[in-house]
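Student: Pasting a structure below so you can have a look.
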Amino acid sequence: MRHRLALSMAVVVASSAVAASAASAATPQRVVGDGTPASCTSAAVVEAVARGGRVGFDCGPDPVTIRMRATAKVRNTNPLLVLDGGGKVTLDGMNRRRILYQNTCDRRQVWTTSHCQNQATPRLIVKDLAFTRGNSTGERTDGGGGGAIFVRGGRLTVVDSRFARNRCDPRGPDVGGAAIRALSQFRNRPVLVVRSAFLGGRCSNGGALSSIGVSWSVVNSTFRGNRAIGRGANPARAGTAGGGNGGAIALDGNRYTLSVRGSRMEGNTANEGGGAIFFVSNNRTGTATLSGSTLRRNRSLGFETRGLPGIFFLGARPPRVIRGTTLAP
C-alpha cells in the first residue's frame, strides 16, 4: 500500500510540474494591453485567442477585470493556446455570455480533419487567470454547458486559476458545467486541473465541472458553494425537465476515469444525486480515485451512494478511497 501511494503521489507531482512548465516555459508571443488597464479590452482578448500561441497580459501593476463583450474563440488551425493572466487578470462574462470556447467539430472555427472528435490539437492551457459571471444559458452547440469554458476536442489544462459565480442552463438532464464543460478529449487523455478554485457556480448539473466520456485529473483544488439546480435527474422523471446531479462535478459516459487528489469539496449541493460528485459509467467500466482529499457538508437532496457521503457512483467498482481522504456528511 505504501509503495502504491508513493507512486500515485509521484505521478501527481510529475503531472503538476508538466502543466506548470508547459504554461510558463516560453516568453509570450503576443501580449494583450500596452501597460494600462484601458488597453486590456474584450476585443484585444478575442483577437489574441483567435491568433493563438502564448498570450500574456500587460494591463498595469494592479489587478484588472476585463468585461467580455464577445466570447473568445479558439481557431482549430492553431496548435497551441496558452492564456496566462499572471495572477492579475479576471475575465468577466457579465452574466451574459460564455467566456472561452474551443470546438474542433465546429466548422466555423475552421474544419481541419474528418476525425474532429479525436484530434491532438489545439492544446488549450489556461494559467493564473480568473473567470467570473460566465453564462452559457441558451447555448445549444453540442448540448451547451460550460459557462466559463467549453472545450470539445484537443486537450485542456487549467493551472492556478479561479472560477466564481459562473452559470449554465438551469434545467435539462445532460447539460452541465457552470465553470467548465469538456467533450471528446484526444485519446481520452484527462483534462488536468491543478491548484484551481471553483466557487458559487450554478447549472442544471455540475455546478463546477461536467463532461460526457471524458477523464479528469483534479489536483490540489477547491470546490465550494457550487450547486446543481435542475430537478428530475437523468433520465428525467415524468413531469420534470431533468437534471440536478453533481453539485460540484457531474460526469457521465462509458469508459473514463476521475482522479481527485489533495483537493477540498465543501458546501456543494445537488437537488438530486451527488452533492459533491455524480459519476455514472453506463457500461460500468469507469473508475475513480480519491486521495488526500476532504469532502464534507456536500448535500445530496435526492440520493447518494451508501457509505460515500456527497457522492453518487456507478462504475466498475467502488471508488478507491486512499488513506488521508475524509468523507463526511
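Letters A, B, ... go to the chains of the C-alpha cells in the order shown; residues in each chain start at 1; ligands are counted from 1 in the same order.
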Do you know which residues are at most 9 Å from Asn254 of chain A counting only C-alpha atoms, after dropping those on the same chain fewer than 5 positions away, and could you put them as a VMD selection string?
Tutor: chain A and resid 212 to 213 280 to 286 315
Student: Kindly indicate which residue among A:Thr287, A:Gln185, A:Asn245, A:Gln117 lies nearest to Ala270 of chain A, using only C-alpha atoms for the distances.
Tutor: A:Asn245
Student: What does the structure give for the distance between atom CA of Arg96 of chain A and atom CA of Leu129 of chain A, in Å to one decimal?
Tutor: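 Here the two named atoms are 19.3 Å from each other.
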Student: At a cut-off of 9 Å, using only C-alpha atoms, what residues contact Gly201 of chain A? Leave out same-chain residues fewer than 4 positions from it and give the result as a list in words.
Tutor: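 Final neighbour list, sorted by chain and number: Arg133, Gly147, Phe163, Ala164, Arg165, Asn166, Arg167, Cys168, Gly177, Ala178, Ala179, Gly206, Gly207, Ala208, Arg224, Gly225, Asn226, Arg227, Ala228, Gly247 and Ala248 of chain A.
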Student: I'd like the contact shell of Thr157 of chain A - 8 Å cut-off, only C-alpha atoms, skipping same-chain residues fewer than 2 positions apart - returned as a list in words.
Tutor: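 Residues near the query, excluding close chain neighbours: Ala19, Leu124, Ile125, Val126, Arg155, Val159, Val191, Leu192 and Val193 of chain A.
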Student: Keeping only C-alpha atoms, write the selected residues as a PDB file, in the first residue's frame.
Tutor:
ATOM      1  CA  ALA A  19       1.323  21.517 -16.551  1.00  0.00           C
ATOM      2  CA  LEU A 124      -5.511  24.912 -24.573  1.00  0.00           C
ATOM      3  CA  ILE A 125      -3.665  25.863 -21.375  1.00  0.00           C
ATOM      4  CA  VAL A 126      -5.248  28.375 -19.004  1.00  0.00           C
ATOM      5  CA  ARG A 155      -6.549  18.969 -24.906  1.00  0.00           C
ATOM      6  CA  VAL A 159      -3.486  25.697 -13.702  1.00  0.00           C
ATOM      7  CA  VAL A 191      -8.407  17.152 -18.502  1.00  0.00           C
ATOM      8  CA  LEU A 192      -5.844  18.324 -15.939  1.00  0.00           C
ATOM      9  CA  VAL A 193      -6.958  20.828 -13.273  1.00  0.00           C
TER      10      VAL A 193
END
Student: What parts of segment 90-309 of chain A does DSSP call strand (DSSP E or B)? I'd like the answer as a VMD selection string.
Tutor: chain A and resid 90 to 92 100 to 103 123 to 132 135 149 to 152 155 to 159 162 to 164 167 180 to 183 191 to 194 197 to 199 202 to 203 209 to 212 216 to 219 222 to 224 227 to 228 231 233 242 to 243 249 to 253 257 to 261 264 to 266 269 to 270 273 277 to 281 287 to 291 294 to 296 299 to 300 303
Student: From the set A:Val321, A:Leu209, A:Val110, A:Ala70, which residue has the shortest atom-to-atom contact distance to Asn95 of chain A, counting only C-alpha atoms?
Tutor: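 Checking each candidate against Asn95 of chain A, we get A:Ala70 as the closest.
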Student: Neighbours of Ala197 of chain A within 7 Å (only C-alpha atoms; same-chain residues fewer than 3 positions away dropped), as a ChimeraX atom specification?
Tutor: /A:161-163,221-223
Student: With C-alpha atoms retained, write the just-selected residues as a PDB file, in the first residue's frame.
Tutor:
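Contents of the output file part-v4.pdb:
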ATOM      1  CA  SER A 161      -6.975  29.635 -11.944  1.00  0.00           C
ATOM      2  CA  ARG A 162     -10.166  30.784 -10.225  1.00  0.00           C
ATOM      3  CA  PHE A 163     -13.784  30.388 -11.296  1.00  0.00           C
ATOM      4  CA  SER A 221      -8.054  22.298  -5.993  1.00  0.00           C
ATOM      5  CA  THR A 222     -11.061  23.715  -4.103  1.00  0.00           C
ATOM      6  CA  PHE A 223     -14.785  23.428  -4.797  1.00  0.00           C
TER       7      PHE A 223
END
Student: Work out how far apart atom CA of Gly143 of chain A and atom CA of Arg202 of chain A are and give it in Å to one decimal.
Tutor: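 Interatomic distance here is 16.6 Å.
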Student: Apply DSSP to the backbone of this structure and, from segment 2-245 of chain A, keep only the residues in alpha helix (DSSP H); write these as an MDAnalysis selection string.
Tutor: chainID A and resid 2:24 42:51
Student: With only C-alpha atoms as the counted atoms, please give the residues lying no more than 8 Å from segment 47-59 of chain A, apart from itself and same-chain residues fewer than 4 positions off, as an MDAnalysis selection string.
Tutor: chainID A and resid 26:40 43 64 72:75 78:86 89
Student: Ranking A:Thr325, A:Thr71, A:Ser211, A:Ser263 by minimum distance to Gly145 of chain A and counting only C-alpha atoms, which one comes first?
Tutor: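 Closest to Gly145 of chain A of all the choices is A:Ser211.
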